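The file work-v6.cif comes next; it holds mmCIF, C-alpha atoms.
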```cif
data_input
#
loop_
_atom_site.label_atom_id
_atom_site.label_comp_id
_atom_site.auth_asym_id
_atom_site.auth_seq_id
_atom_site.Cartn_x
_atom_site.Cartn_y
_atom_site.Cartn_z
CA MET A 19 -131.92 -161.43 -122.88
CA ILE A 20 -131.81 -158.25 -124.88
CA GLN A 21 -129.97 -157.50 -128.08
CA CYS A 22 -128.12 -154.23 -128.12
CA ALA A 23 -125.93 -152.44 -130.62
CA ALA A 24 -122.42 -151.64 -129.41
CA ASP A 25 -119.90 -149.36 -131.13
CA MET A 26 -116.83 -150.08 -129.05
CA HIS A 27 -114.17 -147.94 -130.69
CA ILE A 28 -114.81 -144.19 -130.65
CA HIS A 29 -112.23 -141.41 -130.38
CA THR A 30 -112.62 -137.99 -128.71
CA VAL A 31 -110.84 -134.66 -129.09
CA LEU A 32 -108.04 -136.17 -127.02
CA SER A 33 -106.86 -138.14 -130.07
CA PRO A 34 -104.70 -135.90 -132.25
CA CYS A 35 -106.30 -137.29 -135.41
CA ALA A 36 -109.95 -136.92 -134.30
CA SER A 37 -112.36 -134.12 -135.17
CA ARG A 38 -112.55 -131.19 -132.75
CA ALA A 39 -116.30 -131.86 -132.64
CA MET A 40 -115.75 -135.19 -130.81
CA LEU A 41 -116.91 -133.81 -127.46
CA PRO A 42 -118.74 -135.87 -124.81
CA GLN A 43 -122.30 -134.60 -125.26
CA ALA A 44 -122.06 -134.59 -129.06
CA ILE A 45 -120.71 -138.16 -129.07
CA VAL A 46 -123.50 -139.32 -126.75
CA ARG A 47 -126.25 -137.60 -128.77
CA GLU A 48 -124.91 -139.05 -132.03
CA ALA A 49 -124.73 -142.54 -130.47
CA MET A 50 -128.35 -142.16 -129.22
CA ASP A 51 -129.47 -141.04 -132.70
CA LYS A 52 -127.81 -144.12 -134.18
CA GLY A 53 -129.46 -146.44 -131.66
CA MET A 54 -126.28 -147.51 -129.88
CA ALA A 55 -126.93 -149.03 -126.43
CA VAL A 56 -123.21 -149.39 -125.68
CA ILE A 57 -120.23 -147.31 -126.76
CA ALA A 58 -116.57 -147.54 -125.78
CA VAL A 59 -114.30 -144.52 -125.72
CA CYS A 60 -110.91 -145.57 -127.10
CA ASP A 61 -108.51 -142.70 -127.62
CA HIS A 62 -104.94 -143.35 -128.69
CA ASN A 63 -102.84 -144.41 -125.70
CA SER A 64 -105.04 -142.63 -123.16
CA ALA A 65 -108.30 -143.13 -121.28
CA GLY A 66 -108.29 -139.49 -120.17
CA ASN A 67 -111.67 -138.52 -121.67
CA ALA A 68 -113.59 -141.76 -121.13
CA GLY A 69 -115.00 -140.69 -117.77
CA ALA A 70 -116.25 -137.39 -119.18
CA VAL A 71 -118.18 -139.20 -121.91
CA ARG A 72 -119.62 -141.62 -119.35
CA ARG A 73 -120.81 -138.73 -117.16
CA ALA A 74 -122.29 -136.92 -120.17
CA SER A 75 -124.18 -140.08 -121.09
CA GLN A 76 -125.53 -140.47 -117.55
CA VAL A 77 -126.90 -136.90 -117.67
CA LEU A 78 -128.40 -137.32 -121.14
CA GLY A 79 -129.77 -140.81 -120.51
CA GLY A 80 -127.54 -142.19 -123.27
CA PRO A 81 -125.76 -145.50 -123.88
CA ALA A 82 -123.60 -147.43 -121.45
CA VAL A 83 -120.06 -146.10 -121.84
CA ILE A 84 -117.17 -148.55 -121.56
CA PRO A 85 -113.89 -146.80 -120.70
CA GLY A 86 -111.22 -147.94 -123.11
CA MET A 87 -108.04 -147.09 -124.91
CA GLU A 88 -106.44 -147.88 -128.27
CA ILE A 89 -102.89 -148.77 -127.32
CA THR A 90 -100.11 -148.57 -129.92
CA THR A 91 -97.64 -151.38 -129.21
CA ARG A 92 -93.91 -151.14 -129.85
CA GLU A 93 -94.47 -152.97 -133.15
CA GLU A 94 -96.98 -150.21 -134.01
CA VAL A 95 -99.94 -152.56 -133.72
CA HIS A 96 -103.20 -151.05 -132.42
CA VAL A 97 -104.85 -152.98 -129.59
CA LEU A 98 -108.13 -151.98 -127.95
CA GLY A 99 -108.38 -152.31 -124.19
CA LEU A 100 -111.95 -152.27 -122.82
CA PHE A 101 -112.02 -151.87 -119.05
CA PRO A 102 -114.52 -152.66 -116.27
CA THR A 103 -114.15 -149.28 -114.55
CA GLU A 104 -112.86 -145.80 -115.21
CA ALA A 105 -110.28 -146.30 -112.44
CA ALA A 106 -108.94 -149.46 -114.11
CA ALA A 107 -108.76 -147.71 -117.48
CA LEU A 108 -106.96 -144.71 -116.01
CA ALA A 109 -104.46 -146.89 -114.15
CA ALA A 110 -103.65 -148.80 -117.34
CA SER A 111 -103.54 -145.48 -119.19
CA ASP A 112 -100.98 -144.11 -116.73
CA GLU A 113 -98.69 -147.08 -117.38
CA VAL A 114 -98.93 -146.56 -121.15
CA ARG A 115 -98.45 -142.81 -120.78
CA ASP A 116 -95.20 -143.27 -118.84
CA GLY A 117 -93.54 -144.79 -121.90
CA LEU A 118 -94.66 -142.17 -124.41
CA PRO A 119 -92.37 -139.39 -125.62
CA LEU A 120 -93.22 -135.75 -124.99
CA TRP A 121 -94.77 -133.91 -127.88
CA ARG A 122 -92.06 -132.10 -129.79
CA PRO A 123 -92.50 -129.66 -132.63
CA LEU A 124 -91.99 -131.32 -135.99
CA LEU A 125 -90.31 -128.23 -137.41
CA PRO A 126 -87.40 -126.41 -135.82
CA ASN A 127 -88.62 -123.20 -134.18
CA ALA A 128 -92.24 -124.31 -134.70
CA SER A 129 -93.12 -123.38 -131.14
CA ALA A 130 -91.59 -119.95 -131.56
CA ALA A 131 -93.55 -119.47 -134.77
CA GLY A 132 -96.75 -120.27 -132.89
CA LYS A 133 -97.18 -123.62 -134.67
CA ARG A 134 -98.08 -126.26 -132.17
CA GLY A 135 -98.91 -129.88 -132.31
CA PRO A 136 -102.50 -131.02 -132.09
CA GLU A 137 -104.24 -129.92 -128.97
CA GLN A 138 -104.94 -133.35 -127.38
CA ALA A 139 -107.62 -131.82 -125.18
CA LEU A 140 -108.82 -133.29 -121.92
CA VAL A 141 -112.42 -132.21 -121.38
CA ASP A 142 -115.19 -132.45 -118.79
CA ALA A 143 -118.68 -133.82 -119.44
CA ASP A 144 -119.79 -130.42 -120.77
CA GLY A 145 -116.92 -130.32 -123.25
CA HIS A 146 -114.94 -127.63 -121.45
CA ILE A 147 -111.19 -128.06 -121.77
CA THR A 148 -109.68 -129.01 -118.43
CA GLY A 149 -106.15 -129.62 -119.67
CA THR A 150 -104.02 -130.77 -122.57
CA GLU A 151 -101.95 -133.92 -122.84
CA PRO A 152 -98.25 -133.10 -123.29
CA LYS A 153 -97.24 -136.66 -124.25
CA MET A 154 -97.36 -137.63 -127.92
CA LEU A 155 -100.40 -139.92 -128.00
CA ALA A 156 -99.86 -140.90 -131.63
CA SER A 157 -96.52 -142.47 -130.75
CA ALA A 158 -95.79 -146.13 -130.04
CA SER A 159 -95.90 -147.11 -126.37
CA ALA A 160 -93.07 -148.94 -124.63
CA PHE A 161 -95.02 -152.23 -124.49
CA ASN A 162 -94.73 -154.95 -127.10
CA LEU A 163 -97.82 -156.84 -128.25
CA GLY A 164 -97.71 -159.54 -125.57
CA GLU A 165 -96.99 -157.02 -122.82
CA THR A 166 -99.88 -154.83 -123.99
CA VAL A 167 -102.39 -157.68 -123.82
CA SER A 168 -101.00 -158.64 -120.37
CA LEU A 169 -101.38 -155.04 -119.18
CA ILE A 170 -105.02 -154.94 -120.31
CA HIS A 171 -105.75 -158.27 -118.61
CA ARG A 172 -103.95 -157.17 -115.42
CA TYR A 173 -106.55 -154.40 -115.08
CA GLY A 174 -109.44 -156.77 -115.75
CA GLY A 175 -109.91 -155.57 -119.31
CA LEU A 176 -110.69 -157.18 -122.63
CA ALA A 177 -107.99 -157.07 -125.33
CA VAL A 178 -109.16 -156.73 -128.92
CA ALA A 179 -106.88 -156.62 -131.98
CA ALA A 180 -108.02 -153.48 -133.79
CA HIS A 181 -109.09 -153.25 -137.46
CA MET A 182 -107.67 -156.62 -138.52
CA ASP A 183 -108.68 -155.96 -142.13
CA ARG A 184 -106.57 -152.83 -142.53
CA ARG A 185 -102.98 -152.68 -143.70
CA SER A 186 -101.97 -149.93 -141.31
CA PHE A 187 -101.43 -150.53 -137.61
CA SER A 188 -103.08 -153.98 -137.62
CA VAL A 189 -101.62 -157.26 -136.38
CA PRO A 190 -101.53 -158.79 -139.89
CA GLY A 191 -100.13 -155.59 -141.40
CA GLN A 192 -97.32 -155.13 -138.91
CA LEU A 193 -96.57 -158.73 -137.94
CA GLY A 194 -97.70 -160.75 -140.97
CA PHE A 195 -100.13 -162.94 -139.03
CA LEU A 196 -101.75 -163.29 -135.61
CA PRO A 197 -99.17 -164.70 -133.16
CA PRO A 198 -100.73 -167.86 -131.69
CA ASP A 199 -99.47 -167.21 -128.16
CA VAL A 200 -101.07 -163.78 -127.60
CA PRO A 201 -104.37 -164.28 -125.72
CA PHE A 202 -106.65 -161.78 -127.43
CA ASP A 203 -110.30 -161.75 -126.36
CA GLY A 204 -111.58 -160.63 -129.73
CA LEU A 205 -110.71 -159.35 -133.18
CA GLU A 206 -112.13 -156.15 -134.62
CA VAL A 207 -112.92 -155.56 -138.27
CA SER A 208 -113.56 -152.07 -139.56
CA ALA A 209 -117.00 -150.97 -140.71
CA ALA A 210 -115.75 -150.94 -144.31
CA GLY A 211 -114.18 -154.36 -143.86
CA ALA A 212 -117.38 -155.86 -142.48
CA ALA A 213 -119.36 -154.35 -145.36
CA HIS A 214 -116.99 -156.06 -147.81
CA GLY A 215 -117.28 -159.43 -146.10
CA ARG A 216 -113.77 -159.35 -144.66
CA SER A 217 -114.81 -160.69 -141.25
CA ALA A 218 -114.93 -164.25 -142.64
CA GLU A 219 -111.14 -164.14 -143.15
CA PHE A 220 -110.56 -164.02 -139.42
CA ALA A 221 -113.06 -166.66 -138.30
CA CYS A 222 -110.30 -169.30 -138.38
CA HIS A 223 -108.75 -167.90 -135.19
CA GLY A 224 -111.70 -169.06 -133.07
CA LEU A 225 -112.11 -165.62 -131.52
CA PRO A 226 -115.23 -163.46 -131.54
CA ILE A 227 -115.31 -160.90 -134.34
CA LEU A 228 -116.35 -157.40 -133.37
CA CYS A 229 -117.11 -154.48 -135.63
CA SER A 230 -116.86 -150.85 -134.65
CA SER A 231 -116.72 -147.46 -136.30
CA ASP A 232 -113.23 -146.39 -135.13
CA GLY A 233 -115.05 -143.06 -135.17
CA HIS A 234 -112.91 -139.97 -135.56
CA PHE A 235 -115.86 -137.82 -136.75
CA LEU A 236 -119.37 -137.59 -135.31
CA THR A 237 -120.96 -139.01 -138.44
CA ASP A 238 -118.75 -142.14 -138.14
CA ILE A 239 -120.40 -143.19 -134.88
CA GLY A 240 -122.55 -146.31 -135.30
CA SER A 241 -121.31 -146.90 -138.87
CA GLY A 242 -119.89 -150.14 -137.50
CA PHE A 243 -121.30 -151.99 -134.53
CA THR A 244 -121.50 -155.37 -132.83
CA VAL A 245 -124.74 -156.88 -131.55
CA LEU A 246 -124.51 -158.02 -127.94
CA GLU A 247 -127.03 -160.55 -126.66
CA VAL A 248 -126.93 -159.91 -122.91
CA GLU A 249 -129.07 -159.44 -119.79
CA GLN A 250 -128.13 -155.77 -119.53
CA ALA A 251 -125.70 -153.31 -121.07
CA VAL A 252 -122.90 -153.47 -118.50
CA PHE A 253 -119.22 -154.46 -118.70
CA CYS A 254 -119.51 -157.88 -117.02
CA GLU A 255 -122.25 -158.85 -119.48
CA LEU A 256 -120.09 -157.59 -122.36
CA ALA A 257 -117.25 -159.81 -121.11
CA LEU A 258 -119.60 -162.83 -121.00
CA ALA A 259 -120.85 -162.03 -124.50
CA ILE A 260 -117.33 -161.75 -125.90
CA HIS A 261 -116.34 -165.04 -124.28
CA GLY A 262 -119.63 -166.66 -125.35
CA SER A 263 -120.40 -167.69 -121.77
CA ASN A 264 -123.67 -168.22 -119.87
CA GLY A 265 -125.79 -167.97 -122.98
CA ARG A 266 -124.52 -164.50 -123.83
CA ARG A 267 -123.04 -163.92 -127.26
CA CYS A 268 -122.02 -161.29 -129.70
CA PHE A 269 -122.34 -161.22 -133.47
CA LEU A 270 -122.27 -158.91 -136.45
CA ALA A 271 -125.57 -157.67 -137.86
CA MET B 9 -70.54 -163.78 -150.56
CA ASN B 10 -71.65 -166.16 -147.88
CA LEU B 11 -73.05 -165.09 -144.50
CA LYS B 12 -69.69 -165.34 -142.78
CA GLN B 13 -68.03 -162.96 -145.24
CA ILE B 14 -70.95 -160.51 -145.06
CA ALA B 15 -70.96 -160.55 -141.25
CA GLU B 16 -67.20 -159.98 -141.10
CA THR B 17 -67.21 -157.20 -143.69
CA LEU B 18 -70.06 -155.29 -141.99
CA ASN B 19 -68.79 -156.08 -138.49
CA LEU B 20 -72.17 -157.59 -137.52
CA GLU B 21 -72.66 -159.22 -134.15
CA ASN B 22 -73.70 -162.84 -134.54
CA LEU B 23 -76.68 -163.47 -132.22
CA THR B 24 -77.03 -167.14 -133.15
CA VAL B 25 -73.55 -168.50 -132.55
CA GLY B 26 -73.53 -172.18 -133.39
CA LEU B 27 -75.47 -171.93 -136.61
CA PRO B 28 -73.22 -172.53 -139.61
CA LEU B 29 -72.27 -169.33 -141.46
CA ASP B 30 -69.75 -170.58 -143.97
CA GLU B 31 -72.04 -172.53 -146.26
CA PRO B 32 -70.73 -172.19 -149.80
CA ALA B 33 -74.08 -170.86 -151.08
CA SER B 34 -73.74 -167.13 -151.63
CA VAL B 35 -76.31 -164.63 -150.44
CA ASP B 36 -77.01 -162.10 -153.16
CA LYS B 37 -80.53 -160.83 -152.38
CA ALA B 38 -81.91 -158.77 -149.53
CA HIS B 39 -85.00 -156.89 -148.43
CA ALA B 40 -85.36 -154.05 -145.91
CA SER B 41 -88.72 -153.58 -144.20
CA ASP B 42 -90.30 -153.34 -140.76
CA LEU B 43 -93.76 -154.42 -141.92
CA LEU B 44 -93.84 -158.20 -141.80
CA SER B 45 -96.78 -158.34 -144.19
CA ASP B 46 -94.51 -156.65 -146.72
CA VAL B 47 -91.70 -159.10 -145.92
CA LEU B 48 -94.06 -162.04 -146.55
CA ALA B 49 -95.10 -160.54 -149.85
CA ASN B 50 -91.80 -159.22 -151.17
CA ALA B 51 -88.70 -160.65 -149.51
CA PRO B 52 -86.56 -162.82 -151.85
CA ALA B 53 -86.08 -166.45 -150.84
CA GLY B 54 -82.53 -167.23 -149.81
CA GLY B 55 -81.91 -163.58 -148.99
CA LEU B 56 -81.35 -161.34 -145.99
CA LEU B 57 -83.87 -159.22 -144.12
CA ILE B 58 -82.79 -155.91 -142.60
CA THR B 59 -85.30 -154.64 -140.04
CA ILE B 60 -85.78 -152.90 -136.69
CA GLN B 61 -88.81 -155.13 -135.95
CA VAL B 62 -87.85 -157.56 -133.14
CA HIS B 63 -91.15 -159.36 -132.54
CA MET B 64 -91.18 -163.17 -132.46
CA ASN B 65 -93.07 -163.17 -135.75
CA VAL B 66 -89.88 -162.02 -137.51
CA VAL B 67 -88.52 -165.57 -137.21
CA ALA B 68 -91.73 -167.21 -138.39
CA VAL B 69 -92.02 -164.82 -141.31
CA ALA B 70 -88.34 -165.28 -142.22
CA LEU B 71 -88.90 -169.03 -142.20
CA HIS B 72 -92.02 -168.75 -144.33
CA ALA B 73 -90.30 -166.46 -146.82
CA GLY B 74 -87.29 -168.80 -146.97
CA LEU B 75 -84.86 -166.14 -145.77
CA LYS B 76 -81.34 -167.08 -144.74
CA ALA B 77 -80.76 -164.49 -142.05
CA VAL B 78 -82.08 -161.36 -140.36
CA VAL B 79 -80.03 -158.27 -139.54
CA PHE B 80 -81.48 -156.10 -136.76
CA ALA B 81 -80.37 -152.53 -137.45
CA SER B 82 -80.01 -149.45 -135.25
CA GLY B 83 -78.88 -151.42 -132.22
CA MET B 84 -82.21 -153.25 -131.93
CA ARG B 85 -81.94 -156.61 -130.18
CA PRO B 86 -84.64 -159.28 -130.10
CA PRO B 87 -85.77 -160.87 -126.81
CA GLU B 88 -84.07 -164.14 -125.82
CA GLU B 89 -87.07 -166.29 -126.83
CA VAL B 90 -86.83 -164.89 -130.35
CA ARG B 91 -83.14 -165.75 -130.48
CA ALA B 92 -83.80 -169.28 -129.20
CA LYS B 93 -86.53 -169.81 -131.77
CA ALA B 94 -84.21 -168.65 -134.55
CA VAL B 95 -81.54 -171.11 -133.42
CA ALA B 96 -84.11 -173.92 -133.36
CA GLU B 97 -85.33 -173.00 -136.85
CA GLY B 98 -81.86 -172.43 -138.31
CA ILE B 99 -82.33 -168.74 -139.13
CA SER B 100 -79.19 -166.71 -138.42
CA LEU B 101 -79.67 -163.42 -136.58
CA PHE B 102 -77.25 -160.51 -136.54
CA ALA B 103 -77.20 -157.17 -134.77
CA ALA B 104 -75.86 -153.99 -136.33
CA ARG B 105 -75.27 -150.73 -134.51
CA GLU B 106 -75.77 -148.82 -137.76
CA SER B 107 -79.15 -147.74 -139.13
CA THR B 108 -81.05 -149.68 -141.78
CA PHE B 109 -79.93 -147.09 -144.34
CA ASP B 110 -76.25 -147.61 -143.61
CA VAL B 111 -76.48 -151.42 -143.44
CA VAL B 112 -78.37 -151.54 -146.73
CA GLY B 113 -75.88 -149.18 -148.37
CA LYS B 114 -72.98 -151.42 -147.42
CA LEU B 115 -74.77 -154.57 -148.57
CA TYR B 116 -75.55 -152.92 -151.90
CA ALA B 117 -71.90 -151.97 -152.27
CA LEU B 118 -71.02 -155.63 -151.69
CA GLY B 119 -73.21 -156.55 -154.66
CA LEU B 120 -76.42 -157.64 -152.94
CA ARG B 121 -79.64 -156.56 -154.64
CA GLY B 122 -83.38 -156.46 -153.95
CA LYS B 123 -85.91 -158.85 -155.43
#
```

Take the structure in the file and write it out as structure tokens.
Amino acid sequence: MIQCAADMHIHTVLSPCASRAMLPQAIVREAMDKGMAVIAVCDHNSAGNAGAVRRASQVLGGPAVIPGMEITTREEVHVLGLFPTEAAALAASDEVRDGLPLWRPLLPNASAAGKRGPEQALVDADGHITGTEPKMLASASAFNLGETVSLIHRYGGLAVAAHMDRRSFSVPGQLGFLPPDVPFDGLEVSAAGAAHGRSAEFACHGLPILCSSDGHFLTDIGSGFTVLEVEQAVFCELALAIHGSNGRRCFLA
Amino acid sequence: MNLKQIAETLNLENLTVGLPLDEPASVDKAHASDLLSDVLANAPAGGLLITIQVHMNVVAVALHAGLKAVVFASGMRPPEEVRAKAVAEGISLFAARESTFDVVGKLYALGLRGK
């Protein structure tokens, strides 16, 4: 068994709220500098840039890259989906994308005045822009919480309730408490929450607690991480670690 | 005013037919919010909740906060399992076509107040 650090919630330039510097090679280099053996790319409501980061990491000899997505449910709860393959992530992403509204200018005549929404850039492994996402990724998807977790599971993914310790966009914030009938695989606490001992609050749910950076800026990467005790840094081992099976486990440092 | 009078005055659709609405106890408090953590913290016991949140947790939170009824605004309708749970727990549910703003305005005009 090896122990490896995993930051499984990192945004790219595709997320409207992320830094324009969140490009594949820069993300990979930052993750390598911080000693991350596993990262997951989780943009809002899209897995469109996950493959590019994975390819950049392969070229640079960087961490294992899990393709993921941070889905906004109809209740405006953020749920992380971590997927076994890029194809699975993209298929789930397409279903989420279908229910999103098109980006529309917030001000009347904003387009005419040259004021546009955030770029939401799709990039290749070298960081070149290959397209822009016209759907509003910051919006709520058409799926409610239960449907979102089902969607993730249907594509073989792991469903993690994001930043449980935050008031905004968390299950406790939006819904008061964790619904007992939604089969999450894990609960995430933010880096700040973990540093303030908040992870203990969620131990009562009997689910593994993960910590990640929710990185929107390069310097965020690795500020929160989970330790995986696994045979190798691959998705199926991650799934075993999260479920605590076959001697694999995950824990906070 | 009791629930029956409020529902009739605002022309609310009763989603939990069968639950008694004409209890003599008047409803004079209400809270409007879509964040259930805020409802847990701030909704007045015995009052109404006006929300567009239709998740199952609305019923559990209403029960915990001791609310009498929930009004779903803007034409929002909860799934059937939410309705069934509300019936089982004795929480009345109503649907309003109007927005939260308009429903709240009318309730205020009827004399209902926040916490």

For a test of reading the model, state the distance in Å between atom CA of Val95 of chain A and atom CA of Ser241 of chain A, rounded to one decimal. 22.7 Å

The PyMOL selection byres ((chain B) within 6 of (chain A)) applied to the shown file, residues as a count of residues only: 3

Picked residues, the PyMOL selection byres ((chain B and resi 27-35) around 9), as a PyMOL selection string: chain B and resi 9-15+24-26+36-38+54-56+76+95+98-100+120

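Once the PyMOL selection byres ((chain A and resi 66) around 7) is applied to the depicted file, the selected set reads Ser64, Ala65, Asn67, Ala68, Leu108 and Leu140 of chain A.
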
Can you write just those residues out, C-alpha atoms, as a PDB file, in the frame of the given file?
```
ATOM      1  CA  SER A  64    -105.040-142.630-123.160  1.00  0.00           C
ATOM      2  CA  ALA A  65    -108.300-143.130-121.280  1.00  0.00           C
ATOM      3  CA  ASN A  67    -111.670-138.520-121.670  1.00  0.00           C
ATOM      4  CA  ALA A  68    -113.590-141.760-121.130  1.00  0.00           C
ATOM      5  CA  LEU A 108    -106.960-144.710-116.010  1.00  0.00           C
ATOM      6  CA  LEU A 140    -108.820-133.290-121.920  1.00  0.00           C
TER       7      LEU A 140
END
```

Minimum-distance residue to Arg184 of chain A, chosen among A:Val141, A:Gly117, A:Ser208, A:Ala213 (using all atoms listed in the file): A:Ser208

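Comparing A:Val97, A:Ala82, A:Val31, A:Ser217 by their smallest distance to Glu255 of chain A, the closest is A:Ala82 (using all atoms listed in the file).
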
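Atom CA of Cys254 of chain A is positioned 14.9 Å from atom CA of Ala55 of chain A.
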
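As for atom CA of Leu75 of chain B and atom CA of Ser41 of chain B, they are spaced 13.2 Å apart.
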